[in-house]
Amino acid sequence: MKELCVSLEELIRPYRTISIIGMAKNAGKTTTLNYLIEAFRRENIQLGLTSIGRDGETVDIVTNTDKPRIFVHQGTIIATAENLLHHCDITKEIIMSTEINTPFGRVVAVRALSGGFVQLGGPSMTAQLAGLLQKIPADKILVDGAVGRKTLASPSVTEAAILCTGASYSRSMSKTIEETRHTVTLLTLPKFEDAAILEKLKREKPVPGYVFKRGAVTDAWAKDFVNPSSDPTVIIAEDPSKIFIKPNTYEKLQVKKAELAVLNPIRLVGLTVNPLSPYHVGYNPQIFLEKMKEAVQLPVYDILMDFNAKERFHE
């Protein structure tokens, strides 16, 4: 593969709304967010920030581990819960109020009049988040996601997504790489293009060899298609965020020559890796980076390796 020098910020330049989702806690979401904040500050891009859930606190309330804080610059728009504003040490002005309620109060949008640390606490429902993103007056909006919330990457919410993975997922590097590879595979499933077949399926008319599944494609449901008596089938989901198939089941589907496709594909533009873990020693950074590049067909970055430099990746 040819190696290029393209920064993560260049990859997301065409998109206004970008979600940052993680394989696990402490996988590097906030570090990736801070990297992009700095990158777009240098380009004088009007930046907006929000989250699904809470982020920016110094200690994770679930794992009791230290977390990197979120630093913003003057002019940044932050959509966060009212009761978290007193945890933000920026000078600010409220520019918009919403009717979105969270455990930390109503979501408001503020403009930073000075630089400082902030805490983000946005909507917990993706439908609310999608509506909020349309109203935030910014050129580019970064959304910090919660662990396991793949729906944040849905094309109905954000235009593009970045996946973060790291040593906090497992003590085993090979397990982390394999599970990440599987997640990338599902999140980058191709679009189903046959409009005539799709129209019949949506009208609940049977078409041999094709199944359209509304809602979640669960592992238990998918196992029906790996039975020895089952025929090769194209399984069509609404979008990749609704597919919850385990690696073992996915491999069995491949053996049965079953295919997966989606109506609305996700633009997963890149992967960031974090070789450090608060739970154990972590991984060799260079080995982890190189093995991950070999495992996935995506640009891969180690943000910690050189926070201020353009990252390199394999294409």
# chains A, B, ... in the order shown; residues from 1 in each chain; ligands from 1
call {"tool": "residues_around", "arguments": {"residues": "stretch 245-259 of chain A", "least_positions_apart": "2", "cutoff": "9 Å", "atoms": "only C-alpha atoms", "output": "VMD selection string"}}
result
chain A and resid 178 to 179 182 to 183 186 217 to 220 222 to 223 225 to 228 230 to 236 243 261
call {"tool": "residues_around", "arguments": {"residues": "A:Leu36", "least_positions_apart": "6", "cutoff": "9 Å", "atoms": "only C-alpha atoms", "output": "number ranges by chain"}}
result
A: 8-9, 142
call {"tool": "write_last_selection", "arguments": {"atoms": "C-alpha atoms", "output": "PDB file, in the first residue's frame"}}
result
ATOM      1  CA  LEU A   8      -7.119  13.918  10.002  1.00  0.00           C
ATOM      2  CA  GLU A   9      -8.552  17.419   9.693  1.00  0.00           C
ATOM      3  CA  LEU A 142     -17.695  18.100  16.363  1.00  0.00           C
TER       4      LEU A 142
END
call {"tool": "select_by_dssp", "arguments": {"residues": "stretch 144-288 of chain A", "states": "strand (DSSP E)", "output": "ChimeraX atom specification"}}
result
/A:144,160-166,210-213,217-218,234-237,243-244,259-262,268-274
call {"tool": "atom_distance", "arguments": {"atom1": "atom CA of A:Val273", "atom2": "atom CA of A:Val300"}}
result
7.3 Å
call {"tool": "residues_around", "arguments": {"residues": "A:Pro285", "least_positions_apart": "4", "cutoff": "10 Å", "atoms": "only C-alpha atoms", "output": "PyMOL selection string"}}
result
chain A and resi 167+273-276+289-290+302+304-305
call {"tool": "atom_distance", "arguments": {"atom1": "atom CA of A:Ile20", "atom2": "atom CA of A:Glu43"}}
result
20.2 Å
call {"tool": "residues_around", "arguments": {"residues": "A:Leu113", "least_positions_apart": "2", "cutoff": "12 Å", "atoms": "only C-alpha atoms", "output": "list in words"}}
result
Val72, His73, Gln74, Gly75, Thr76, Ile77, Ile78, Cys88, Asp89, Ile90, Thr91, Lys92, Glu93, Ile94, Ile95, Val110, Arg111, Gly115 and Gly116 of chain A
call {"tool": "residues_around", "arguments": {"residues": "stretch 47-49 of chain A", "least_positions_apart": "3", "cutoff": "12 Å", "atoms": "only C-alpha atoms", "output": "compact mmCIF listing (two decimals) with all heavy atoms, in the first residue's frame"}}
result
# COMPACT_ATOMS: atom_id res chain seq x y z
N ARG A 16 -19.69 19.12 7.50
CA ARG A 16 -19.99 20.11 8.54
C ARG A 16 -20.14 19.46 9.91
O ARG A 16 -19.71 20.03 10.92
CB ARG A 16 -21.28 20.86 8.20
CG ARG A 16 -21.69 21.88 9.26
CD ARG A 16 -22.90 22.71 8.86
NE ARG A 16 -23.27 23.62 9.92
CZ ARG A 16 -24.19 23.37 10.85
NH1 ARG A 16 -24.86 22.19 10.82
NH2 ARG A 16 -24.48 24.24 11.79
N THR A 17 -20.77 18.29 9.99
CA THR A 17 -21.01 17.63 11.27
C THR A 17 -20.26 16.31 11.32
O THR A 17 -20.41 15.47 10.43
CB THR A 17 -22.51 17.39 11.49
OG1 THR A 17 -23.05 16.65 10.38
CG2 THR A 17 -23.26 18.71 11.60
N ILE A 18 -19.45 16.12 12.36
CA ILE A 18 -18.61 14.93 12.48
C ILE A 18 -18.76 14.37 13.89
O ILE A 18 -18.62 15.09 14.88
CB ILE A 18 -17.12 15.26 12.22
CG1 ILE A 18 -16.94 15.90 10.84
CG2 ILE A 18 -16.27 14.01 12.35
CD1 ILE A 18 -16.86 17.41 10.88
N SER A 19 -19.06 13.09 13.99
CA SER A 19 -19.13 12.43 15.28
C SER A 19 -17.84 11.70 15.59
O SER A 19 -17.17 11.19 14.69
CB SER A 19 -20.31 11.45 15.32
OG SER A 19 -20.20 10.50 14.28
N ILE A 20 -17.47 11.67 16.86
CA ILE A 20 -16.29 10.95 17.34
C ILE A 20 -16.80 9.86 18.27
O ILE A 20 -17.32 10.15 19.35
CB ILE A 20 -15.32 11.89 18.06
CG1 ILE A 20 -14.90 13.04 17.13
CG2 ILE A 20 -14.08 11.14 18.54
CD1 ILE A 20 -14.07 14.12 17.81
N THR A 30 -11.49 12.07 23.56
CA THR A 30 -11.26 13.46 23.95
C THR A 30 -9.93 13.97 23.39
O THR A 30 -9.82 15.14 23.00
CB THR A 30 -11.29 13.61 25.48
OG1 THR A 30 -12.54 13.11 25.98
CG2 THR A 30 -11.15 15.08 25.88
N LEU A 33 -10.64 14.81 19.90
CA LEU A 33 -11.41 16.05 19.87
C LEU A 33 -10.50 17.26 20.08
O LEU A 33 -10.57 18.24 19.33
CB LEU A 33 -12.49 16.01 20.96
CG LEU A 33 -13.37 17.25 21.11
CD1 LEU A 33 -14.27 17.42 19.90
CD2 LEU A 33 -14.21 17.17 22.38
N ASN A 34 -9.62 17.20 21.07
CA ASN A 34 -8.70 18.31 21.34
C ASN A 34 -7.75 18.57 20.18
O ASN A 34 -7.42 19.71 19.85
CB ASN A 34 -7.91 18.04 22.62
CG ASN A 34 -8.72 18.32 23.88
OD1 ASN A 34 -9.57 19.19 23.89
ND2 ASN A 34 -8.45 17.57 24.92
N LEU A 36 -8.39 18.06 17.00
CA LEU A 36 -9.14 18.72 15.94
C LEU A 36 -9.49 20.16 16.30
O LEU A 36 -9.51 21.04 15.43
CB LEU A 36 -10.40 17.92 15.61
CG LEU A 36 -10.15 16.56 14.96
CD1 LEU A 36 -11.44 15.75 14.86
CD2 LEU A 36 -9.51 16.72 13.59
N ILE A 37 -9.76 20.41 17.58
CA ILE A 37 -10.02 21.79 18.02
C ILE A 37 -8.81 22.68 17.70
O ILE A 37 -8.95 23.78 17.16
CB ILE A 37 -10.33 21.83 19.53
CG1 ILE A 37 -11.70 21.22 19.81
CG2 ILE A 37 -10.28 23.27 20.06
CD1 ILE A 37 -12.00 21.01 21.28
N GLU A 38 -7.61 22.19 18.02
CA GLU A 38 -6.39 22.95 17.74
C GLU A 38 -6.17 23.11 16.24
O GLU A 38 -5.79 24.19 15.76
CB GLU A 38 -5.18 22.25 18.37
CG GLU A 38 -5.11 22.35 19.87
CD GLU A 38 -5.01 23.81 20.32
OE1 GLU A 38 -4.23 24.57 19.70
OE2 GLU A 38 -5.71 24.18 21.27
N ALA A 39 -6.42 22.06 15.49
CA ALA A 39 -6.21 22.11 14.04
C ALA A 39 -7.10 23.15 13.39
O ALA A 39 -6.66 23.94 12.54
CB ALA A 39 -6.45 20.73 13.43
N PHE A 40 -8.38 23.18 13.77
CA PHE A 40 -9.30 24.12 13.15
C PHE A 40 -9.12 25.54 13.68
O PHE A 40 -9.45 26.51 13.00
CB PHE A 40 -10.73 23.63 13.30
CG PHE A 40 -11.04 22.42 12.47
CD1 PHE A 40 -11.50 21.24 13.03
CD2 PHE A 40 -10.83 22.46 11.10
CE1 PHE A 40 -11.76 20.13 12.25
CE2 PHE A 40 -11.09 21.35 10.30
CZ PHE A 40 -11.55 20.18 10.88
N ARG A 41 -8.58 25.67 14.90
CA ARG A 41 -8.26 27.02 15.39
C ARG A 41 -7.21 27.66 14.50
O ARG A 41 -7.29 28.85 14.17
CB ARG A 41 -7.75 26.94 16.84
CG ARG A 41 -7.31 28.31 17.39
CD ARG A 41 -6.62 28.17 18.73
NE ARG A 41 -5.35 27.48 18.60
CZ ARG A 41 -4.21 28.08 18.26
NH1 ARG A 41 -4.19 29.38 17.99
NH2 ARG A 41 -3.09 27.39 18.19
N ARG A 42 -6.20 26.88 14.10
CA ARG A 42 -5.14 27.43 13.25
C ARG A 42 -5.67 27.86 11.89
O ARG A 42 -5.07 28.71 11.23
CB ARG A 42 -4.03 26.39 13.07
CG ARG A 42 -3.27 26.06 14.36
CD ARG A 42 -2.00 25.28 14.07
NE ARG A 42 -2.29 23.97 13.52
CZ ARG A 42 -2.43 22.87 14.26
NH1 ARG A 42 -2.36 22.95 15.57
NH2 ARG A 42 -2.67 21.70 13.69
N GLU A 43 -6.80 27.31 11.49
CA GLU A 43 -7.39 27.64 10.19
C GLU A 43 -8.51 28.67 10.31
O GLU A 43 -9.17 29.00 9.32
CB GLU A 43 -7.91 26.38 9.51
CG GLU A 43 -6.82 25.35 9.24
CD GLU A 43 -7.35 24.12 8.54
OE1 GLU A 43 -8.43 24.21 7.91
OE2 GLU A 43 -6.69 23.08 8.62
N ASN A 44 -8.73 29.18 11.52
CA ASN A 44 -9.77 30.19 11.77
C ASN A 44 -11.16 29.73 11.32
O ASN A 44 -11.94 30.51 10.76
CB ASN A 44 -9.41 31.51 11.08
CG ASN A 44 -8.18 32.15 11.67
OD1 ASN A 44 -8.02 32.20 12.89
ND2 ASN A 44 -7.29 32.64 10.82
N ILE A 52 -23.09 13.70 23.10
CA ILE A 52 -24.25 12.91 23.49
C ILE A 52 -23.87 12.31 24.84
O ILE A 52 -23.02 11.44 24.95
CB ILE A 52 -24.61 11.85 22.43
CG1 ILE A 52 -25.98 11.27 22.72
CG2 ILE A 52 -23.55 10.82 22.24
CD1 ILE A 52 -26.64 10.61 21.53
N ASP A 55 -19.11 14.99 28.90
CA ASP A 55 -17.67 14.83 28.73
C ASP A 55 -16.97 16.12 29.10
O ASP A 55 -17.57 17.19 29.14
CB ASP A 55 -17.32 14.45 27.29
CG ASP A 55 -15.96 13.77 27.19
OD1 ASP A 55 -15.39 13.43 28.25
OD2 ASP A 55 -15.46 13.59 26.08
N GLY A 56 -15.67 15.98 29.42
CA GLY A 56 -14.87 17.14 29.78
C GLY A 56 -14.53 17.21 31.26
O GLY A 56 -13.74 18.04 31.69
N ILE A 70 -11.27 19.28 28.04
CA ILE A 70 -11.53 19.86 26.73
C ILE A 70 -11.24 21.36 26.79
O ILE A 70 -11.88 22.09 27.55
CB ILE A 70 -12.99 19.62 26.30
CG1 ILE A 70 -13.28 18.12 26.20
CG2 ILE A 70 -13.28 20.31 24.97
CD1 ILE A 70 -14.75 17.81 26.02
N PHE A 71 -10.27 21.82 26.00
CA PHE A 71 -9.90 23.23 25.97
C PHE A 71 -10.39 23.85 24.68
O PHE A 71 -10.14 23.33 23.59
CB PHE A 71 -8.38 23.41 26.07
CG PHE A 71 -7.96 24.85 26.23
CD1 PHE A 71 -7.86 25.42 27.48
CD2 PHE A 71 -7.70 25.64 25.11
CE1 PHE A 71 -7.49 26.75 27.63
CE2 PHE A 71 -7.32 26.97 25.24
CZ PHE A 71 -7.22 27.52 26.50
N VAL A 72 -11.13 24.96 24.80
CA VAL A 72 -11.64 25.65 23.62
C VAL A 72 -11.06 27.06 23.56
O VAL A 72 -10.53 27.59 24.54
CB VAL A 72 -13.18 25.73 23.63
CG1 VAL A 72 -13.78 24.34 23.71
CG2 VAL A 72 -13.69 26.60 24.78
N HIS A 73 -11.19 27.66 22.38
CA HIS A 73 -10.64 28.99 22.15
C HIS A 73 -11.75 30.00 21.94
O HIS A 73 -12.91 29.64 21.71
CB HIS A 73 -9.71 28.96 20.93
CG HIS A 73 -8.58 28.00 21.09
ND1 HIS A 73 -7.42 28.31 21.76
CD2 HIS A 73 -8.44 26.71 20.68
CE1 HIS A 73 -6.62 27.26 21.76
NE2 HIS A 73 -7.22 26.28 21.11
N GLN A 74 -11.40 31.24 22.03
CA GLN A 74 -12.36 32.33 21.85
C GLN A 74 -13.10 32.16 20.52
O GLN A 74 -12.50 31.88 19.49
CB GLN A 74 -11.64 33.67 21.87
CG GLN A 74 -12.55 34.88 21.70
CD GLN A 74 -11.78 36.18 21.73
OE1 GLN A 74 -10.57 36.19 21.91
NE2 GLN A 74 -12.48 37.29 21.55
N GLY A 75 -14.42 32.32 20.57
CA GLY A 75 -15.24 32.22 19.38
C GLY A 75 -15.90 30.87 19.18
O GLY A 75 -16.84 30.75 18.38
N THR A 76 -15.45 29.85 19.90
CA THR A 76 -16.04 28.52 19.78
C THR A 76 -17.47 28.53 20.32
O THR A 76 -17.75 29.15 21.35
CB THR A 76 -15.21 27.48 20.54
OG1 THR A 76 -13.86 27.54 20.10
CG2 THR A 76 -15.76 26.08 20.32
N ILE A 77 -18.37 27.84 19.62
CA ILE A 77 -19.75 27.67 20.09
C ILE A 77 -19.85 26.33 20.81
O ILE A 77 -19.46 25.30 20.28
CB ILE A 77 -20.74 27.69 18.92
CG1 ILE A 77 -20.56 28.93 18.06
CG2 ILE A 77 -22.17 27.58 19.43
CD1 ILE A 77 -20.85 30.23 18.76
N ILE A 78 -20.38 26.35 22.04
CA ILE A 78 -20.52 25.14 22.83
C ILE A 78 -21.99 24.93 23.16
O ILE A 78 -22.64 25.82 23.72
CB ILE A 78 -19.72 25.21 24.16
CG1 ILE A 78 -18.24 25.45 23.88
CG2 ILE A 78 -19.88 23.93 24.97
CD1 ILE A 78 -17.83 26.87 24.19
N ALA A 79 -22.53 23.78 22.79
CA ALA A 79 -23.90 23.43 23.18
C ALA A 79 -23.81 22.45 24.34
O ALA A 79 -23.33 21.32 24.17
CB ALA A 79 -24.66 22.82 22.00
N THR A 80 -24.25 22.87 25.50
CA THR A 80 -24.10 22.06 26.71
C THR A 80 -25.24 22.33 27.66
O THR A 80 -26.04 23.26 27.47
CB THR A 80 -22.75 22.34 27.38
OG1 THR A 80 -22.51 21.37 28.41
CG2 THR A 80 -22.69 23.73 27.99
N VAL A 108 -28.20 24.61 26.27
CA VAL A 108 -28.08 25.96 25.72
C VAL A 108 -26.82 26.02 24.87
O VAL A 108 -25.91 25.21 25.02
CB VAL A 108 -28.01 27.03 26.83
CG1 VAL A 108 -29.29 27.03 27.65
CG2 VAL A 108 -26.79 26.80 27.74
N ALA A 109 -26.79 26.98 23.96
CA ALA A 109 -25.58 27.21 23.16
C ALA A 109 -24.94 28.51 23.63
O ALA A 109 -25.62 29.53 23.77
CB ALA A 109 -25.91 27.27 21.68
N VAL A 110 -23.63 28.46 23.89
CA VAL A 110 -22.90 29.66 24.32
C VAL A 110 -21.71 29.88 23.41
O VAL A 110 -21.17 28.93 22.83
CB VAL A 110 -22.42 29.54 25.79
CG1 VAL A 110 -23.60 29.28 26.72
CG2 VAL A 110 -21.38 28.44 25.96
N ARG A 111 -21.32 31.14 23.28
CA ARG A 111 -20.11 31.49 22.55
C ARG A 111 -19.01 31.79 23.56
O ARG A 111 -19.21 32.55 24.51
CB ARG A 111 -20.34 32.69 21.65
CG ARG A 111 -19.07 33.13 20.89
CD ARG A 111 -19.31 34.31 19.98
NE ARG A 111 -20.08 33.94 18.81
CZ ARG A 111 -21.35 34.27 18.60
NH1 ARG A 111 -22.00 34.97 19.52
NH2 ARG A 111 -21.97 33.89 17.50
N ALA A 112 -17.84 31.19 23.36
CA ALA A 112 -16.70 31.45 24.24
C ALA A 112 -16.12 32.82 23.92
O ALA A 112 -15.73 33.08 22.77
CB ALA A 112 -15.65 30.36 24.07
N VAL A 118 -13.92 23.42 29.21
CA VAL A 118 -15.38 23.32 29.22
C VAL A 118 -15.80 21.88 29.49
O VAL A 118 -15.01 20.94 29.32
CB VAL A 118 -16.00 23.77 27.88
CG1 VAL A 118 -15.66 25.22 27.59
CG2 VAL A 118 -15.55 22.87 26.72
N GLN A 119 -17.03 21.74 29.92
CA GLN A 119 -17.67 20.43 30.00
C GLN A 119 -18.86 20.40 29.06
O GLN A 119 -19.62 21.37 28.99
CB GLN A 119 -18.12 20.12 31.43
CG GLN A 119 -16.98 19.81 32.38
CD GLN A 119 -17.44 19.12 33.65
OE1 GLN A 119 -18.52 18.51 33.70
NE2 GLN A 119 -16.62 19.20 34.69
N LEU A 120 -19.00 19.31 28.35
CA LEU A 120 -20.08 19.16 27.39
C LEU A 120 -21.12 18.20 27.93
O LEU A 120 -20.79 17.13 28.43
CB LEU A 120 -19.54 18.62 26.06
CG LEU A 120 -18.47 19.47 25.36
CD1 LEU A 120 -17.98 18.75 24.11
CD2 LEU A 120 -19.01 20.84 25.01
N GLY A 121 -22.37 18.58 27.81
CA GLY A 121 -23.48 17.71 28.21
C GLY A 121 -24.65 17.95 27.28
O GLY A 121 -25.46 18.84 27.52
N GLY A 122 -24.70 17.20 26.21
CA GLY A 122 -25.72 17.41 25.20
C GLY A 122 -26.89 16.45 25.33
O GLY A 122 -27.04 15.77 26.33
N LEU A 129 -30.41 15.38 19.04
CA LEU A 129 -29.09 15.83 18.64
C LEU A 129 -29.09 16.29 17.18
O LEU A 129 -28.53 17.32 16.83
CB LEU A 129 -28.06 14.73 18.84
CG LEU A 129 -26.63 15.04 18.44
CD1 LEU A 129 -26.09 16.22 19.23
CD2 LEU A 129 -25.75 13.82 18.63
N LEU A 132 -30.57 19.66 16.96
CA LEU A 132 -29.68 20.67 17.56
C LEU A 132 -28.56 21.04 16.60
O LEU A 132 -28.21 22.23 16.47
CB LEU A 132 -29.10 20.12 18.86
CG LEU A 132 -28.07 21.00 19.57
CD1 LEU A 132 -28.70 22.31 20.03
CD2 LEU A 132 -27.46 20.25 20.76
N LEU A 133 -27.99 20.06 15.92
CA LEU A 133 -26.87 20.33 15.02
C LEU A 133 -27.26 21.28 13.89
O LEU A 133 -26.44 22.06 13.40
CB LEU A 133 -26.33 19.02 14.44
CG LEU A 133 -25.71 18.05 15.44
CD1 LEU A 133 -25.23 16.79 14.73
CD2 LEU A 133 -24.56 18.70 16.20
N GLN A 134 -28.51 21.24 13.48
CA GLN A 134 -28.97 22.12 12.42
C GLN A 134 -29.04 23.57 12.88
O GLN A 134 -28.97 24.50 12.07
CB GLN A 134 -30.35 21.67 11.92
CG GLN A 134 -30.35 20.31 11.24
CD GLN A 134 -31.74 19.87 10.83
OE1 GLN A 134 -32.70 20.62 10.94
NE2 GLN A 134 -31.86 18.65 10.35
N LYS A 135 -29.17 23.78 14.19
CA LYS A 135 -29.37 25.13 14.73
C LYS A 135 -28.10 25.80 15.22
O LYS A 135 -28.06 27.02 15.38
CB LYS A 135 -30.39 25.07 15.88
CG LYS A 135 -31.76 24.58 15.46
CD LYS A 135 -32.68 24.44 16.67
CE LYS A 135 -34.04 23.90 16.26
NZ LYS A 135 -34.92 23.70 17.45
N ILE A 136 -27.06 25.00 15.50
CA ILE A 136 -25.82 25.60 16.02
C ILE A 136 -25.17 26.45 14.93
O ILE A 136 -24.87 25.95 13.85
CB ILE A 136 -24.85 24.51 16.50
CG1 ILE A 136 -25.45 23.74 17.69
CG2 ILE A 136 -23.51 25.12 16.91
CD1 ILE A 136 -24.61 22.57 18.16
N PRO A 137 -24.93 27.73 15.17
CA PRO A 137 -24.38 28.63 14.15
C PRO A 137 -22.86 28.50 14.01
O PRO A 137 -22.11 29.39 14.42
CB PRO A 137 -24.79 30.02 14.65
CG PRO A 137 -24.80 29.88 16.14
CD PRO A 137 -25.26 28.46 16.41
N ALA A 138 -22.42 27.39 13.43
CA ALA A 138 -20.98 27.16 13.27
C ALA A 138 -20.72 26.55 11.91
O ALA A 138 -21.58 25.89 11.33
CB ALA A 138 -20.47 26.23 14.38
N ASP A 139 -19.51 26.76 11.40
CA ASP A 139 -19.13 26.20 10.10
C ASP A 139 -18.90 24.70 10.17
O ASP A 139 -19.14 23.97 9.21
CB ASP A 139 -17.86 26.87 9.58
CG ASP A 139 -18.06 28.35 9.34
OD1 ASP A 139 -19.18 28.75 8.98
OD2 ASP A 139 -17.09 29.13 9.53
N LYS A 140 -18.38 24.25 11.31
CA LYS A 140 -18.08 22.83 11.50
C LYS A 140 -18.39 22.47 12.94
O LYS A 140 -18.06 23.22 13.86
CB LYS A 140 -16.61 22.54 11.18
CG LYS A 140 -16.30 21.06 11.04
CD LYS A 140 -14.90 20.86 10.51
CE LYS A 140 -14.71 21.36 9.11
NZ LYS A 140 -15.47 20.51 8.12
N ILE A 141 -19.04 21.31 13.13
CA ILE A 141 -19.45 20.89 14.48
C ILE A 141 -18.90 19.51 14.77
O ILE A 141 -19.10 18.57 14.00
CB ILE A 141 -20.98 20.89 14.63
CG1 ILE A 141 -21.57 22.25 14.24
CG2 ILE A 141 -21.37 20.53 16.06
CD1 ILE A 141 -23.07 22.26 14.16
N LEU A 142 -18.21 19.38 15.90
CA LEU A 142 -17.69 18.10 16.36
C LEU A 142 -18.58 17.61 17.50
O LEU A 142 -18.88 18.35 18.44
CB LEU A 142 -16.26 18.25 16.85
CG LEU A 142 -15.25 18.82 15.84
CD1 LEU A 142 -13.89 19.01 16.49
CD2 LEU A 142 -15.16 17.93 14.61
N VAL A 143 -18.98 16.34 17.42
CA VAL A 143 -19.86 15.75 18.43
C VAL A 143 -19.11 14.64 19.15
O VAL A 143 -18.70 13.65 18.54
CB VAL A 143 -21.14 15.17 17.80
CG1 VAL A 143 -22.08 14.66 18.89
CG2 VAL A 143 -21.83 16.21 16.93
N ASP A 144 -18.92 14.81 20.45
CA ASP A 144 -18.23 13.81 21.25
C ASP A 144 -19.23 12.74 21.66
O ASP A 144 -20.25 13.04 22.28
CB ASP A 144 -17.62 14.48 22.48
CG ASP A 144 -16.61 13.60 23.18
OD1 ASP A 144 -16.20 12.59 22.58
OD2 ASP A 144 -16.23 13.91 24.31
N GLY A 145 -18.95 11.51 21.29
CA GLY A 145 -19.92 10.44 21.50
C GLY A 145 -19.71 9.65 22.77
O GLY A 145 -18.65 9.73 23.41
call {"tool": "select_by_dssp", "arguments": {"residues": "stretch 36-231 of chain A", "states": "alpha helix (DSSP H)", "output": "ChimeraX atom specification"}}
result
/A:36-42,126-135,173-187,195-202,219-222
call {"tool": "residues_around", "arguments": {"residues": "A:Ser241", "least_positions_apart": "3", "cutoff": "9 Å", "atoms": "only C-alpha atoms", "output": "list of chain:residue names"}}
result
A:Arg149, A:Lys150, A:Thr151, A:Leu152, A:Ala153, A:Ser154, A:Leu186, A:Leu187, A:Ala216, A:Glu238, A:Phe244, A:Ile266
call {"tool": "write_last_selection", "arguments": {"atoms": "N, CA, C and O atoms", "output": "compact mmCIF listing (two decimals), in the first residue's frame"}}
result
# COMPACT_ATOMS: atom_id res chain seq x y z
N ARG A 149 -22.43 3.93 21.59
CA ARG A 149 -23.52 4.61 20.89
C ARG A 149 -23.17 4.77 19.41
O ARG A 149 -22.86 5.86 18.93
N LYS A 150 -23.20 3.66 18.67
CA LYS A 150 -22.91 3.73 17.24
C LYS A 150 -23.95 4.54 16.49
O LYS A 150 -23.67 5.05 15.40
N THR A 151 -25.15 4.68 17.05
CA THR A 151 -26.20 5.43 16.36
C THR A 151 -25.80 6.89 16.15
O THR A 151 -26.35 7.55 15.26
N LEU A 152 -24.86 7.38 16.94
CA LEU A 152 -24.36 8.74 16.76
C LEU A 152 -23.75 8.92 15.38
O LEU A 152 -23.79 10.01 14.81
N ALA A 153 -23.18 7.84 14.84
CA ALA A 153 -22.54 7.91 13.52
C ALA A 153 -23.54 7.76 12.38
O ALA A 153 -23.16 7.86 11.21
N SER A 154 -24.82 7.53 12.70
CA SER A 154 -25.83 7.36 11.67
C SER A 154 -25.85 8.57 10.75
O SER A 154 -25.72 9.72 11.20
N LEU A 186 -18.45 -3.50 9.79
CA LEU A 186 -19.88 -3.26 9.88
C LEU A 186 -20.23 -1.79 9.59
O LEU A 186 -21.23 -1.51 8.91
N LEU A 187 -19.41 -0.89 10.09
CA LEU A 187 -19.71 0.54 9.91
C LEU A 187 -19.48 1.01 8.48
O LEU A 187 -19.94 2.10 8.11
N ALA A 216 -33.25 -2.92 14.55
CA ALA A 216 -31.97 -3.54 14.89
C ALA A 216 -31.80 -4.91 14.23
O ALA A 216 -32.73 -5.74 14.23
N GLU A 238 -31.18 -0.76 7.69
CA GLU A 238 -31.42 0.66 7.43
C GLU A 238 -30.10 1.44 7.36
O GLU A 238 -29.88 2.22 6.45
N PHE A 244 -25.90 -5.30 14.95
CA PHE A 244 -25.24 -5.74 16.19
C PHE A 244 -24.90 -7.22 16.07
O PHE A 244 -25.36 -8.05 16.86
N ILE A 266 -22.70 4.82 6.28
CA ILE A 266 -22.00 5.77 7.14
C ILE A 266 -20.67 6.16 6.49
O ILE A 266 -19.99 5.32 5.91
call {"tool": "atom_distance", "arguments": {"atom1": "atom CA of A:Met173", "atom2": "atom CA of A:Phe288"}}
result
7.3 Å
